[in-house]
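Novice: Pasting final.cif here (mmCIF, C-alpha atoms and all ligand atoms):
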```cif
data_data
loop_
_atom_site.group_PDB
_atom_site.id
_atom_site.type_symbol
_atom_site.label_atom_id
_atom_site.label_comp_id
_atom_site.auth_asym_id
_atom_site.auth_seq_id
_atom_site.Cartn_x
_atom_site.Cartn_y
_atom_site.Cartn_z
ATOM 1 C CA MET D 1 62.107 115.712 62.505
ATOM 2 C CA ILE D 2 61.951 112.290 64.196
ATOM 3 C CA PRO D 3 63.224 112.391 67.792
ATOM 4 C CA ARG D 4 66.280 110.176 68.210
ATOM 5 C CA ASP D 5 65.147 109.007 71.618
ATOM 6 C CA PRO D 6 61.436 108.026 71.660
ATOM 7 C CA SER D 7 61.360 107.815 75.472
ATOM 8 C CA ARG D 8 62.426 111.454 75.600
ATOM 9 C CA ARG D 9 59.529 112.441 73.354
ATOM 10 C CA ARG D 10 57.119 110.587 75.639
ATOM 11 C CA PHE D 11 58.507 112.399 78.665
ATOM 12 C CA THR D 12 58.052 115.781 77.008
ATOM 13 C CA THR D 13 54.474 114.989 76.087
ATOM 14 C CA LEU D 14 53.562 113.800 79.552
ATOM 15 C CA THR D 15 55.199 116.784 81.188
ATOM 16 C CA GLY D 16 53.236 119.062 78.870
ATOM 17 C CA LEU D 17 50.023 117.338 79.856
ATOM 18 C CA ALA D 18 50.950 117.588 83.503
ATOM 19 C CA ALA D 19 51.444 121.323 83.104
ATOM 20 C CA LEU D 20 47.858 121.583 81.883
ATOM 21 C CA GLY D 21 46.758 120.530 85.335
ATOM 22 C CA GLY D 22 45.379 117.674 87.337
ATOM 23 C CA LEU D 23 47.772 115.003 86.085
ATOM 24 C CA VAL D 24 50.898 115.876 88.016
ATOM 25 C CA GLY D 25 50.990 112.866 90.353
ATOM 26 C CA VAL D 26 50.190 110.114 87.837
ATOM 27 C CA SER D 27 52.094 111.319 84.778
ATOM 28 C CA SER D 28 55.247 112.240 86.664
ATOM 29 C CA ARG D 29 55.538 108.758 88.143
ATOM 30 C CA ALA D 30 54.994 107.188 84.722
ATOM 31 C CA SER D 31 57.567 109.398 83.022
ATOM 32 C CA ALA D 32 60.116 108.944 85.808
ATOM 33 C CA ALA D 33 59.892 105.178 85.511
ATOM 34 C CA GLN D 34 60.423 105.304 81.736
ATOM 35 C CA THR D 35 63.244 107.819 81.546
ATOM 36 C CA SER D 36 64.905 107.864 84.981
ATOM 37 C CA ALA D 37 64.297 111.629 84.999
ATOM 38 C CA PRO D 38 63.798 113.079 88.498
ATOM 39 C CA PRO D 39 60.165 112.767 89.674
ATOM 40 C CA GLN D 40 57.972 115.814 89.214
ATOM 41 C CA PRO D 41 56.907 117.571 92.422
ATOM 42 C CA THR D 42 53.481 116.816 93.859
ATOM 43 C CA ARG D 43 50.939 119.599 94.025
ATOM 44 C CA ALA D 44 49.963 120.751 97.510
ATOM 45 C CA LEU D 45 47.394 123.401 96.547
ATOM 46 C CA ARG D 46 45.885 124.940 93.424
ATOM 47 C CA MET D 47 44.966 128.549 94.120
ATOM 48 C CA ALA D 48 43.963 131.723 92.314
ATOM 49 C CA HIS D 49 45.189 135.275 92.870
ATOM 50 C CA PHE D 50 42.230 137.567 92.133
ATOM 51 C CA THR D 51 43.418 141.171 92.239
ATOM 52 C CA ASP D 52 41.800 144.514 91.434
ATOM 53 C CA LEU D 53 38.156 143.473 91.322
ATOM 54 C CA HIS D 54 36.779 147.049 91.545
ATOM 55 C CA ILE D 55 33.228 145.873 92.142
ATOM 56 C CA THR D 56 30.552 148.461 91.398
ATOM 57 C CA PRO D 57 26.877 148.276 90.425
ATOM 58 C CA ASP D 58 27.515 150.926 87.756
ATOM 59 C CA ARG D 59 29.607 148.778 85.388
ATOM 60 C CA SER D 60 29.678 145.139 84.300
ATOM 61 C CA SER D 61 31.292 143.760 87.462
ATOM 62 C CA GLU D 62 28.486 141.319 88.165
ATOM 63 C CA PRO D 63 28.735 139.259 84.931
ATOM 64 C CA GLY D 64 32.497 139.884 84.867
ATOM 65 C CA MET D 65 32.974 138.402 88.342
ATOM 66 C CA ARG D 66 30.681 135.499 87.505
ATOM 67 C CA HIS D 67 32.989 134.638 84.591
ATOM 68 C CA ALA D 68 36.048 134.925 86.840
ATOM 69 C CA PHE D 69 34.654 132.530 89.445
ATOM 70 C CA LYS D 70 33.490 130.070 86.752
ATOM 71 C CA SER D 71 36.889 130.116 85.096
ATOM 72 C CA ALA D 72 38.638 129.512 88.457
ATOM 73 C CA ASN D 73 36.175 126.757 89.282
ATOM 74 C CA ASP D 74 36.735 125.079 85.888
ATOM 75 C CA GLU D 75 40.467 125.052 86.658
ATOM 76 C CA GLY D 76 39.860 123.256 89.960
ATOM 77 C CA VAL D 77 40.954 126.166 92.152
ATOM 78 C CA GLN D 78 40.813 125.217 95.854
ATOM 79 C CA PHE D 79 41.550 128.584 97.425
ATOM 80 C CA ILE D 80 41.362 132.256 96.392
ATOM 81 C CA LEU D 81 43.713 134.957 97.637
ATOM 82 C CA THR D 82 42.565 138.427 96.647
ATOM 83 C CA GLY D 83 44.961 141.278 95.991
ATOM 84 C CA GLY D 84 42.938 144.327 97.030
ATOM 85 C CA ASP D 85 40.940 147.044 95.306
ATOM 86 C CA LEU D 86 37.954 144.873 96.062
ATOM 87 C CA VAL D 87 35.446 147.685 95.485
ATOM 88 C CA MET D 88 35.585 150.312 92.732
ATOM 89 C CA ASP D 89 36.502 153.091 95.121
ATOM 90 C CA SER D 90 35.868 154.101 98.697
ATOM 91 C CA PHE D 91 38.889 156.433 98.997
ATOM 92 C CA ALA D 92 37.279 159.455 97.333
ATOM 93 C CA THR D 93 33.641 158.416 97.064
ATOM 94 C CA PRO D 94 30.628 159.442 99.178
ATOM 95 C CA ARG D 95 29.186 156.958 101.656
ATOM 96 C CA GLU D 96 25.975 156.040 99.780
ATOM 97 C CA GLU D 97 27.934 154.852 96.756
ATOM 98 C CA VAL D 98 30.459 152.990 98.909
ATOM 99 C CA ASN D 99 27.547 151.211 100.645
ATOM 100 C CA ARG D 100 26.241 150.044 97.254
ATOM 101 C CA GLU D 101 29.681 148.767 96.220
ATOM 102 C CA TRP D 102 30.153 146.667 99.382
ATOM 103 C CA GLU D 103 26.592 145.382 99.137
ATOM 104 C CA LEU D 104 27.247 144.073 95.631
ATOM 105 C CA PHE D 105 30.670 142.722 96.692
ATOM 106 C CA HIS D 106 29.048 140.558 99.405
ATOM 107 C CA LYS D 107 26.272 139.425 97.079
ATOM 108 C CA ILE D 108 28.712 138.334 94.363
ATOM 109 C CA PHE D 109 30.977 136.427 96.767
ATOM 110 C CA ALA D 110 28.025 134.746 98.475
ATOM 111 C CA GLN D 111 26.587 133.616 95.140
ATOM 112 C CA HIS D 112 29.703 132.595 93.222
ATOM 113 C CA CYS D 113 32.659 131.939 95.519
ATOM 114 C CA ALA D 114 32.602 128.247 96.416
ATOM 115 C CA VAL D 115 36.087 127.966 97.966
ATOM 116 C CA PRO D 116 37.822 129.542 100.995
ATOM 117 C CA VAL D 117 38.976 133.099 100.364
ATOM 118 C CA GLU D 118 41.462 135.412 102.112
ATOM 119 C CA HIS D 119 41.430 139.137 101.385
ATOM 120 C CA CYS D 120 44.180 141.722 100.988
ATOM 121 C CA LEU D 121 43.322 145.452 101.009
ATOM 122 C CA GLY D 122 44.134 148.010 98.319
ATOM 123 C CA ASN D 123 44.139 151.801 98.174
ATOM 124 C CA HIS D 124 40.555 151.882 96.885
ATOM 125 C CA ASP D 125 39.380 149.892 99.931
ATOM 126 C CA VAL D 126 40.457 152.664 102.346
ATOM 127 C CA PHE D 127 37.357 154.707 103.179
ATOM 128 C CA GLY D 128 37.239 158.469 102.954
ATOM 129 C CA TRP D 129 40.883 159.613 103.166
ATOM 130 C CA CYS D 130 40.190 162.063 100.322
ATOM 131 C CA LYS D 131 37.821 164.063 102.537
ATOM 132 C CA SER D 132 36.924 166.700 99.959
ATOM 133 C CA LYS D 133 35.478 164.072 97.596
ATOM 134 C CA SER D 134 34.250 161.450 100.073
ATOM 135 C CA LYS D 135 32.547 164.108 102.221
ATOM 136 C CA GLN D 136 33.873 162.426 105.379
ATOM 137 C CA THR D 137 35.353 164.318 108.342
ATOM 138 C CA GLY D 138 37.773 161.676 109.599
ATOM 139 C CA THR D 139 35.888 161.142 112.862
ATOM 140 C CA GLU D 140 33.456 158.508 111.529
ATOM 141 C CA ASN D 141 33.864 155.115 113.206
ATOM 142 C CA ASP D 142 34.336 153.369 109.837
ATOM 143 C CA TYR D 143 36.778 155.958 108.441
ATOM 144 C CA GLY D 144 39.991 154.751 106.803
ATOM 145 C CA TYR D 145 40.822 151.046 107.083
ATOM 146 C CA ALA D 146 38.048 150.460 109.672
ATOM 147 C CA ARG D 147 35.340 150.147 107.021
ATOM 148 C CA ALA D 148 36.999 147.367 104.973
ATOM 149 C CA LEU D 149 38.134 145.500 108.103
ATOM 150 C CA ARG D 150 34.544 145.512 109.355
ATOM 151 C CA GLU D 151 33.114 144.466 105.974
ATOM 152 C CA LEU D 152 35.565 141.556 105.732
ATOM 153 C CA LYS D 153 35.516 140.652 109.463
ATOM 154 C CA LEU D 154 39.288 141.062 109.738
ATOM 155 C CA ASP D 155 41.092 141.812 113.017
ATOM 156 C CA GLY D 156 43.881 143.846 111.459
ATOM 157 C CA ARG D 157 45.429 145.169 108.283
ATOM 158 C CA TRP D 158 48.204 142.558 108.001
ATOM 159 C CA ARG D 159 48.328 138.897 109.020
ATOM 160 C CA SER D 160 49.710 135.465 108.175
ATOM 161 C CA PHE D 161 48.383 131.917 108.079
ATOM 162 C CA ASP D 162 49.429 128.434 106.952
ATOM 163 C CA ARG D 163 47.671 126.336 104.348
ATOM 164 C CA ALA D 164 48.651 123.063 102.627
ATOM 165 C CA GLY D 165 52.223 123.196 103.899
ATOM 166 C CA TRP D 166 52.776 126.795 102.745
ATOM 167 C CA HIS D 167 52.963 130.010 104.758
ATOM 168 C CA PHE D 168 50.993 133.050 103.529
ATOM 169 C CA ILE D 169 51.677 136.674 104.468
ATOM 170 C CA VAL D 170 49.140 139.396 103.671
ATOM 171 C CA LEU D 171 50.646 142.899 103.722
ATOM 172 C CA SER D 172 48.953 146.319 103.861
ATOM 173 C CA SER D 173 51.244 149.039 102.605
ATOM 174 C CA VAL D 174 48.962 151.955 101.675
ATOM 175 C CA GLU D 175 49.750 154.894 104.010
ATOM 176 C CA PRO D 176 48.553 158.516 103.933
ATOM 177 C CA ASP D 177 50.606 161.057 101.992
ATOM 178 C CA PRO D 178 51.224 163.946 104.428
ATOM 179 C CA ALA D 179 51.537 166.333 101.471
ATOM 180 C CA ASP D 180 48.270 165.366 99.748
ATOM 181 C CA GLU D 181 45.074 164.188 101.469
ATOM 182 C CA CYS D 182 43.871 162.674 98.191
ATOM 183 C CA GLY D 183 47.140 160.828 97.638
ATOM 184 C CA TYR D 184 48.848 157.924 99.383
ATOM 185 C CA LEU D 185 52.290 156.362 99.653
ATOM 186 C CA ALA D 186 53.256 152.675 99.624
ATOM 187 C CA PHE D 187 55.560 151.332 102.329
ATOM 188 C CA LEU D 188 55.426 149.127 105.412
ATOM 189 C CA ASN D 189 54.980 151.196 108.539
ATOM 190 C CA GLU D 190 57.390 150.476 111.403
ATOM 191 C CA ALA D 191 55.055 148.137 113.285
ATOM 192 C CA GLN D 192 54.316 146.119 110.154
ATOM 193 C CA ARG D 193 57.950 145.825 109.153
ATOM 194 C CA ALA D 194 58.941 144.544 112.606
ATOM 195 C CA TRP D 195 56.008 142.119 112.512
ATOM 196 C CA LEU D 196 57.067 140.876 109.038
ATOM 197 C CA GLU D 197 60.626 140.144 110.185
ATOM 198 C CA ALA D 198 59.406 138.273 113.265
ATOM 199 C CA ASP D 199 56.751 136.374 111.317
ATOM 200 C CA LEU D 200 59.218 135.188 108.681
ATOM 201 C CA ALA D 201 61.756 134.211 111.360
ATOM 202 C CA ALA D 202 59.117 131.994 112.976
ATOM 203 C CA THR D 203 58.243 129.900 109.910
ATOM 204 C CA THR D 204 60.093 127.070 108.232
ATOM 205 C CA LEU D 205 57.563 126.773 105.394
ATOM 206 C CA PRO D 206 57.879 128.036 101.811
ATOM 207 C CA THR D 207 56.103 131.377 101.758
ATOM 208 C CA VAL D 208 53.771 133.344 99.486
ATOM 209 C CA VAL D 209 53.451 137.087 100.172
ATOM 210 C CA VAL D 210 50.646 139.283 98.839
ATOM 211 C CA SER D 211 50.801 143.086 98.741
ATOM 212 C CA HIS D 212 48.331 145.195 96.760
ATOM 213 C CA VAL D 213 51.016 147.667 95.690
ATOM 214 C CA PRO D 214 53.971 145.911 94.021
ATOM 215 C CA ILE D 215 57.237 145.760 95.969
ATOM 216 C CA VAL D 216 59.397 145.011 92.921
ATOM 217 C CA THR D 217 57.918 145.274 89.408
ATOM 218 C CA ILE D 218 58.759 146.184 85.847
ATOM 219 C CA THR D 219 55.203 147.384 85.051
ATOM 220 C CA PRO D 220 56.052 151.134 85.395
ATOM 221 C CA SER D 221 58.153 150.684 82.250
ATOM 222 C CA MET D 222 54.932 149.869 80.410
ATOM 223 C CA ARG D 223 53.283 153.202 81.314
ATOM 224 C CA GLY D 224 55.305 155.200 78.825
ATOM 225 C CA GLU D 225 53.190 158.259 77.948
ATOM 226 C CA SER D 226 53.825 160.436 80.997
ATOM 227 C CA GLN D 227 57.443 159.363 81.089
ATOM 228 C CA ARG D 228 57.956 160.489 77.516
ATOM 229 C CA ALA D 229 56.389 163.854 78.289
ATOM 230 C CA ALA D 230 58.588 164.285 81.368
ATOM 231 C CA ARG D 231 61.678 163.025 79.446
ATOM 232 C CA LYS D 232 62.631 160.853 82.371
ATOM 233 C CA THR D 233 61.542 157.626 83.995
ATOM 234 C CA GLU D 234 59.946 158.215 87.350
ATOM 235 C CA ILE D 235 58.039 155.863 89.615
ATOM 236 C CA PRO D 236 55.500 157.633 91.864
ATOM 237 C CA GLY D 237 55.585 156.667 95.549
ATOM 238 C CA GLY D 238 52.046 155.336 95.379
ATOM 239 C CA LEU D 239 52.751 153.031 92.424
ATOM 240 C CA VAL D 240 55.535 150.848 93.836
ATOM 241 C CA HIS D 241 56.774 150.369 97.435
ATOM 242 C CA LEU D 242 59.129 153.150 98.500
ATOM 243 C CA ASP D 243 60.897 150.686 100.822
ATOM 244 C CA ALA D 244 61.490 147.975 98.191
ATOM 245 C CA SER D 245 65.154 147.526 99.065
ATOM 246 C CA GLU D 246 64.444 147.013 102.793
ATOM 247 C CA VAL D 247 61.507 144.657 102.211
ATOM 248 C CA HIS D 248 63.379 142.690 99.538
ATOM 249 C CA GLY D 249 66.274 142.449 102.006
ATOM 250 C CA ILE D 250 63.944 140.937 104.627
ATOM 251 C CA PHE D 251 62.672 138.394 102.077
ATOM 252 C CA ARG D 252 66.175 137.522 100.922
ATOM 253 C CA ARG D 253 67.582 137.098 104.430
ATOM 254 C CA SER D 254 64.678 134.886 105.507
ATOM 255 C CA GLY D 255 65.265 132.413 102.664
ATOM 256 C CA ARG D 256 61.603 131.358 102.891
ATOM 257 C CA VAL D 257 59.869 133.694 100.438
ATOM 258 C CA ARG D 258 59.266 132.072 97.044
ATOM 259 C CA LEU D 259 56.534 134.184 95.473
ATOM 260 C CA VAL D 260 55.384 137.794 96.043
ATOM 261 C CA LEU D 261 52.016 138.612 94.449
ATOM 262 C CA SER D 262 50.713 142.089 93.638
ATOM 263 C CA GLY D 263 48.176 143.966 91.575
ATOM 264 C CA HIS D 264 47.532 147.736 91.536
ATOM 265 C CA THR D 265 49.017 148.439 88.096
ATOM 266 C CA HIS D 266 46.401 146.425 86.112
ATOM 267 C CA LEU D 267 49.359 145.060 84.153
ATOM 268 C CA ILE D 268 51.051 141.665 84.058
ATOM 269 C CA ASP D 269 54.690 140.977 84.757
ATOM 270 C CA ARG D 270 57.005 138.610 86.525
ATOM 271 C CA CYS D 271 60.572 139.133 87.616
ATOM 272 C CA VAL D 272 63.006 137.171 89.738
ATOM 273 C CA ALA D 273 65.369 138.928 92.116
ATOM 274 C CA ASP D 274 67.832 136.938 94.237
ATOM 275 C CA GLY D 275 65.621 133.861 93.975
ATOM 276 C CA VAL D 276 62.401 135.681 94.964
ATOM 277 C CA THR D 277 59.740 135.800 92.215
ATOM 278 C CA TYR D 278 57.663 139.000 92.079
ATOM 279 C CA ALA D 279 54.499 138.834 89.967
ATOM 280 C CA CYS D 280 51.828 141.381 89.071
ATOM 281 C CA SER D 281 48.685 139.420 88.252
ATOM 282 C CA GLY D 282 46.890 142.010 86.096
ATOM 283 C CA ALA D 283 43.295 142.751 87.159
ATOM 284 C CA VAL D 284 40.076 140.762 87.316
ATOM 285 C CA CYS D 285 38.314 143.932 86.047
ATOM 286 C CA GLY D 286 40.927 144.524 83.301
ATOM 287 C CA GLY D 287 40.679 148.269 82.644
ATOM 288 C CA TRP D 288 38.111 149.018 85.392
ATOM 289 C CA TRP D 289 35.396 147.094 83.502
ATOM 290 C CA LYS D 290 35.940 149.159 80.344
ATOM 291 C CA PRO D 291 37.757 148.300 77.106
ATOM 292 C CA THR D 292 41.405 149.324 77.172
ATOM 293 C CA GLU D 293 44.490 149.188 75.004
ATOM 294 C CA THR D 294 46.831 150.216 77.794
ATOM 295 C CA TYR D 295 45.866 147.847 80.580
ATOM 296 C CA CYS D 296 45.327 144.075 80.703
ATOM 297 C CA ASP D 297 42.165 142.210 79.773
ATOM 298 C CA PRO D 298 40.185 140.694 82.680
ATOM 299 C CA CYS D 299 42.366 137.934 84.120
ATOM 300 C CA PHE D 300 43.655 136.218 87.249
ATOM 301 C CA ALA D 301 46.701 134.167 88.238
ATOM 302 C CA LEU D 302 46.380 130.405 88.515
ATOM 303 C CA ILE D 303 49.045 129.089 90.873
ATOM 304 C CA ASP D 304 50.033 125.540 91.758
ATOM 305 C CA LEU D 305 51.995 125.360 95.004
ATOM 306 C CA MET D 306 54.040 122.171 95.205
ATOM 307 C CA GLN D 307 54.990 120.108 98.220
ATOM 308 C CA ASP D 308 58.700 120.666 97.572
ATOM 309 C CA GLY D 309 58.358 124.468 97.788
ATOM 310 C CA SER D 310 58.319 125.092 94.031
ATOM 311 C CA PHE D 311 55.352 126.595 92.182
ATOM 312 C CA ASN D 312 53.806 127.089 88.743
ATOM 313 C CA TYR D 313 52.285 130.474 87.928
ATOM 314 C CA THR D 314 50.046 131.147 84.899
ATOM 315 C CA ILE D 315 47.840 134.090 83.921
ATOM 316 C CA LYS D 316 44.339 132.996 82.863
ATOM 317 C CA PRO D 317 41.734 135.157 81.090
ATOM 318 C CA THR D 318 38.452 135.219 83.020
ATOM 319 C CA GLY D 319 36.562 134.823 79.732
ATOM 320 C CA TRP D 320 34.774 138.172 80.195
ATOM 321 C CA LYS D 321 35.316 140.914 77.622
ATOM 322 C CA ASN D 322 34.710 144.520 78.642
ATOM 323 C CA SER D 323 32.653 146.501 76.150
HETATM 324 ZN ZN ZN W 1 43.077 148.762 91.025
#
```
In structure tokens, write the structure found in this file.
Ligand SMILES: [Zn+2]
Specialist:
Amino acid sequence: MIPRDPSRRRFTTLTGLAALGGLVGVSSRASAAQTSAPPQPTRALRMAHFTDLHITPDRSSEPGMRHAFKSANDEGVQFILTGGDLVMDSFATPREEVNREWELFHKIFAQHCAVPVEHCLGNHDVFGWCKSKSKQTGTENDYGYARALRELKLDGRWRSFDRAGWHFIVLSSVEPDPADECGYLAFLNEAQRAWLEADLAATTLPTVVVSHVPIVTITPSMRGESQRAARKTEIPGGLVHLDASEVHGIFRRSGRVRLVLSGHTHLIDRCVADGVTYACSGAVCGGWWKPTETYCDPCFALIDLMQDGSFNYTIKPTGWKNS
């Protein structure tokens, strides 16, 4: 079919090219002049969300991570925000193995990460809480969150910062389960929730939030087997935030939060609630560096943050296949 309005066809083509990256400024001005369409927003920052890396010397994380960094680099990524589960596991793993995981983590980032990076912590980055399997007593000076904070030179579990005209909030919602030392629950403790409210009240910038455990997600609907067996749909308290309604309420009232990034489920989804977009960005390791039919293939989120507070979010394969 021949388009009735050739200028419209040109606009569509240019917009498509712009969406492929790098051409936003030039093509949008050209198309606006030819069609009087509103100008396209200018990109402030191209970033990647790398979640669930699960680095371990025992599987293919080294070549897998190399592919992830190359793919991000080829896309022109300027900044990486991780989503936690940086190492395979330190929650229920003895110290010697945890040492090897962090050693490889530092080596990989030193060799392949060429852009600034900010880290978020996941359940697998908490050291030793499952004492029976980790063989820790709880009195070690790097027990719990202390180990990952020391490895990453972080002052605290949660924080915020500004970059390229956007505000970033890094949350840390993995808390001990009083009923199970080898379990955990996901929610913001009182201090963190008060901090979040105050932090959001103090910014006027469009905001990206990252939480390892999803706050709002539809991914539990994709884990059907156990639900079928139980003949009901249940979401465990370690899989999704238990305080989703309160945290979503804080986001909604602030009016600043545009995008909330998560991992944890090794699945990909995106949903919009009251104008806040929640996205699970799969996993850089896919199914823990093994082939899987249930979980995602190795991937990351490529995100363009625009000067006008809008964003584009795309899932990119890292190019590594687990075998
Ligand atoms: Zn994970």
Novice: Just give me the gap between atom CA of Ser134 of chain D and atom CA of Trp102 of chain D in Å, one decimal is fine.
Specialist: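 Interatomic distance, atom CA of Ser134 of chain D to atom CA of Trp102 of chain D: 15.4 Å.
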Novice: Within 12 Å of ligand ZN 1 (chain W), counting only C-alpha atoms and all ligand atoms, which protein or nucleic acid residues do you find, written as a PDB file with C-alpha atoms, keeping the file's coordinate frame?
Specialist:
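See pocket_13.pdb below for the written result:
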```pdb
ATOM      1  CA  PHE D  50      42.230 137.567  92.133  1.00  0.00           C
ATOM      2  CA  THR D  51      43.418 141.171  92.239  1.00  0.00           C
ATOM      3  CA  ASP D  52      41.800 144.514  91.434  1.00  0.00           C
ATOM      4  CA  LEU D  53      38.156 143.473  91.322  1.00  0.00           C
ATOM      5  CA  HIS D  54      36.779 147.049  91.545  1.00  0.00           C
ATOM      6  CA  ILE D  55      33.228 145.873  92.142  1.00  0.00           C
ATOM      7  CA  THR D  82      42.565 138.427  96.647  1.00  0.00           C
ATOM      8  CA  GLY D  83      44.961 141.278  95.991  1.00  0.00           C
ATOM      9  CA  GLY D  84      42.938 144.327  97.030  1.00  0.00           C
ATOM     10  CA  ASP D  85      40.940 147.044  95.306  1.00  0.00           C
ATOM     11  CA  LEU D  86      37.954 144.873  96.062  1.00  0.00           C
ATOM     12  CA  VAL D  87      35.446 147.685  95.485  1.00  0.00           C
ATOM     13  CA  MET D  88      35.585 150.312  92.732  1.00  0.00           C
ATOM     14  CA  ASP D  89      36.502 153.091  95.121  1.00  0.00           C
ATOM     15  CA  SER D  90      35.868 154.101  98.697  1.00  0.00           C
ATOM     16  CA  PHE D  91      38.889 156.433  98.997  1.00  0.00           C
ATOM     17  CA  LEU D 121      43.322 145.452 101.009  1.00  0.00           C
ATOM     18  CA  GLY D 122      44.134 148.010  98.319  1.00  0.00           C
ATOM     19  CA  ASN D 123      44.139 151.801  98.174  1.00  0.00           C
ATOM     20  CA  HIS D 124      40.555 151.882  96.885  1.00  0.00           C
ATOM     21  CA  ASP D 125      39.380 149.892  99.931  1.00  0.00           C
ATOM     22  CA  HIS D 212      48.331 145.195  96.760  1.00  0.00           C
ATOM     23  CA  VAL D 213      51.016 147.667  95.690  1.00  0.00           C
ATOM     24  CA  PRO D 214      53.971 145.911  94.021  1.00  0.00           C
ATOM     25  CA  GLY D 238      52.046 155.336  95.379  1.00  0.00           C
ATOM     26  CA  LEU D 239      52.751 153.031  92.424  1.00  0.00           C
ATOM     27  CA  SER D 262      50.713 142.089  93.638  1.00  0.00           C
ATOM     28  CA  GLY D 263      48.176 143.966  91.575  1.00  0.00           C
ATOM     29  CA  HIS D 264      47.532 147.736  91.536  1.00  0.00           C
ATOM     30  CA  THR D 265      49.017 148.439  88.096  1.00  0.00           C
ATOM     31  CA  HIS D 266      46.401 146.425  86.112  1.00  0.00           C
ATOM     32  CA  LEU D 267      49.359 145.060  84.153  1.00  0.00           C
ATOM     33  CA  CYS D 280      51.828 141.381  89.071  1.00  0.00           C
ATOM     34  CA  SER D 281      48.685 139.420  88.252  1.00  0.00           C
ATOM     35  CA  GLY D 282      46.890 142.010  86.096  1.00  0.00           C
ATOM     36  CA  ALA D 283      43.295 142.751  87.159  1.00  0.00           C
ATOM     37  CA  VAL D 284      40.076 140.762  87.316  1.00  0.00           C
ATOM     38  CA  CYS D 285      38.314 143.932  86.047  1.00  0.00           C
ATOM     39  CA  GLY D 286      40.927 144.524  83.301  1.00  0.00           C
ATOM     40  CA  GLY D 287      40.679 148.269  82.644  1.00  0.00           C
ATOM     41  CA  TRP D 288      38.111 149.018  85.392  1.00  0.00           C
ATOM     42  CA  TRP D 289      35.396 147.094  83.502  1.00  0.00           C
ATOM     43  CA  TYR D 295      45.866 147.847  80.580  1.00  0.00           C
ATOM     44  CA  CYS D 296      45.327 144.075  80.703  1.00  0.00           C
ATOM     45  CA  PRO D 298      40.185 140.694  82.680  1.00  0.00           C
TER      46      PRO D 298
END
```
Novice: Take atom CA of Arg159 of chain D and atom CA of Leu171 of chain D and report the distance between them in Å, one decimal.
Specialist: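 So the two atoms, atom CA of Arg159 of chain D and atom CA of Leu171 of chain D, lie 7.0 Å apart.
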Novice: Find the residue from D:Leu149, D:Arg228, D:Val257, D:Trp320 that sits nearest to Phe69 of chain D; use only C-alpha atoms when measuring.
Specialist: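 With only C-alpha atoms as the atom set, the closest residue is D:Trp320.
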Novice: Show me, as an mmCIF file with C-alpha atoms, keeping the file's coordinate frame, the residues that have an atom within 8 Å of Ala244 of chain D when counting only C-alpha atoms, minus same-chain residues fewer than 3 positions from it.
Specialist:
```cif
data_model
loop_
_atom_site.group_PDB
_atom_site.id
_atom_site.type_symbol
_atom_site.label_atom_id
_atom_site.label_comp_id
_atom_site.auth_asym_id
_atom_site.auth_seq_id
_atom_site.Cartn_x
_atom_site.Cartn_y
_atom_site.Cartn_z
ATOM 1 C CA PHE D 187 55.560 151.332 102.329
ATOM 2 C CA ILE D 215 57.237 145.760 95.969
ATOM 3 C CA VAL D 216 59.397 145.011 92.921
ATOM 4 C CA VAL D 240 55.535 150.848 93.836
ATOM 5 C CA HIS D 241 56.774 150.369 97.435
ATOM 6 C CA VAL D 247 61.507 144.657 102.211
ATOM 7 C CA HIS D 248 63.379 142.690 99.538
#
```
Novice: Would you mind listing what lies within 10 Å of Ser132 of chain D as a PyMOL selection string, with all atoms listed in the file counted and same-chain residues fewer than 4 positions away left out?
Specialist: chain D and resi 92-94+128+136-137+181-182
Novice: With only C-alpha atoms as the atoms that count, which of D:Ile250, D:Ala179, D:Leu81, D:Val126 lies nearest to Glu197 of chain D?
Specialist: D:Ile250
Novice: Could you tell me how far atom CA of Ala201 of chain D sits from atom CA of Leu305 of chain D, in Å to one decimal place?
Specialist: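 The value is 21.0 Å.
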Novice: From the options D:Thr292, D:Ser226, D:Asn312, D:Thr207, which residue's atoms come nearest to Phe251 of chain D, counting all atoms listed in the file?
Specialist: D:Thr207
Novice: Selected by the PyMOL selection byres (((chain D and resi 291) around 6) and not hetatm) in the shown coordinates: which residues, as an mmCIF file with C-alpha atoms, in the coordinates of the input?
Specialist:
```cif
data_model
loop_
_atom_site.group_PDB
_atom_site.id
_atom_site.type_symbol
_atom_site.label_atom_id
_atom_site.label_comp_id
_atom_site.auth_asym_id
_atom_site.auth_seq_id
_atom_site.Cartn_x
_atom_site.Cartn_y
_atom_site.Cartn_z
ATOM 1 C CA LYS D 290 35.940 149.159 80.344
ATOM 2 C CA THR D 292 41.405 149.324 77.172
ATOM 3 C CA ASN D 322 34.710 144.520 78.642
ATOM 4 C CA SER D 323 32.653 146.501 76.150
#
```
Novice: For the structure provided, state which residues fall under the PyMOL selection byres (((chain D and resi 77) around 9) and not hetatm), and present them as a CSV table (one decimal) with C-alpha atoms, keeping the file's coordinate frame.
Specialist:
```csv
chain,number,residue,atom,x,y,z
D,45,LEU,CA,47.4,123.4,96.5
D,46,ARG,CA,45.9,124.9,93.4
D,47,MET,CA,45.0,128.5,94.1
D,48,ALA,CA,44.0,131.7,92.3
D,72,ALA,CA,38.6,129.5,88.5
D,73,ASN,CA,36.2,126.8,89.3
D,74,ASP,CA,36.7,125.1,85.9
D,75,GLU,CA,40.5,125.1,86.7
D,76,GLY,CA,39.9,123.3,90.0
D,78,GLN,CA,40.8,125.2,95.9
D,79,PHE,CA,41.6,128.6,97.4
D,80,ILE,CA,41.4,132.3,96.4
D,115,VAL,CA,36.1,128.0,98.0
D,302,LEU,CA,46.4,130.4,88.5
D,303,ILE,CA,49.0,129.1,90.9
```
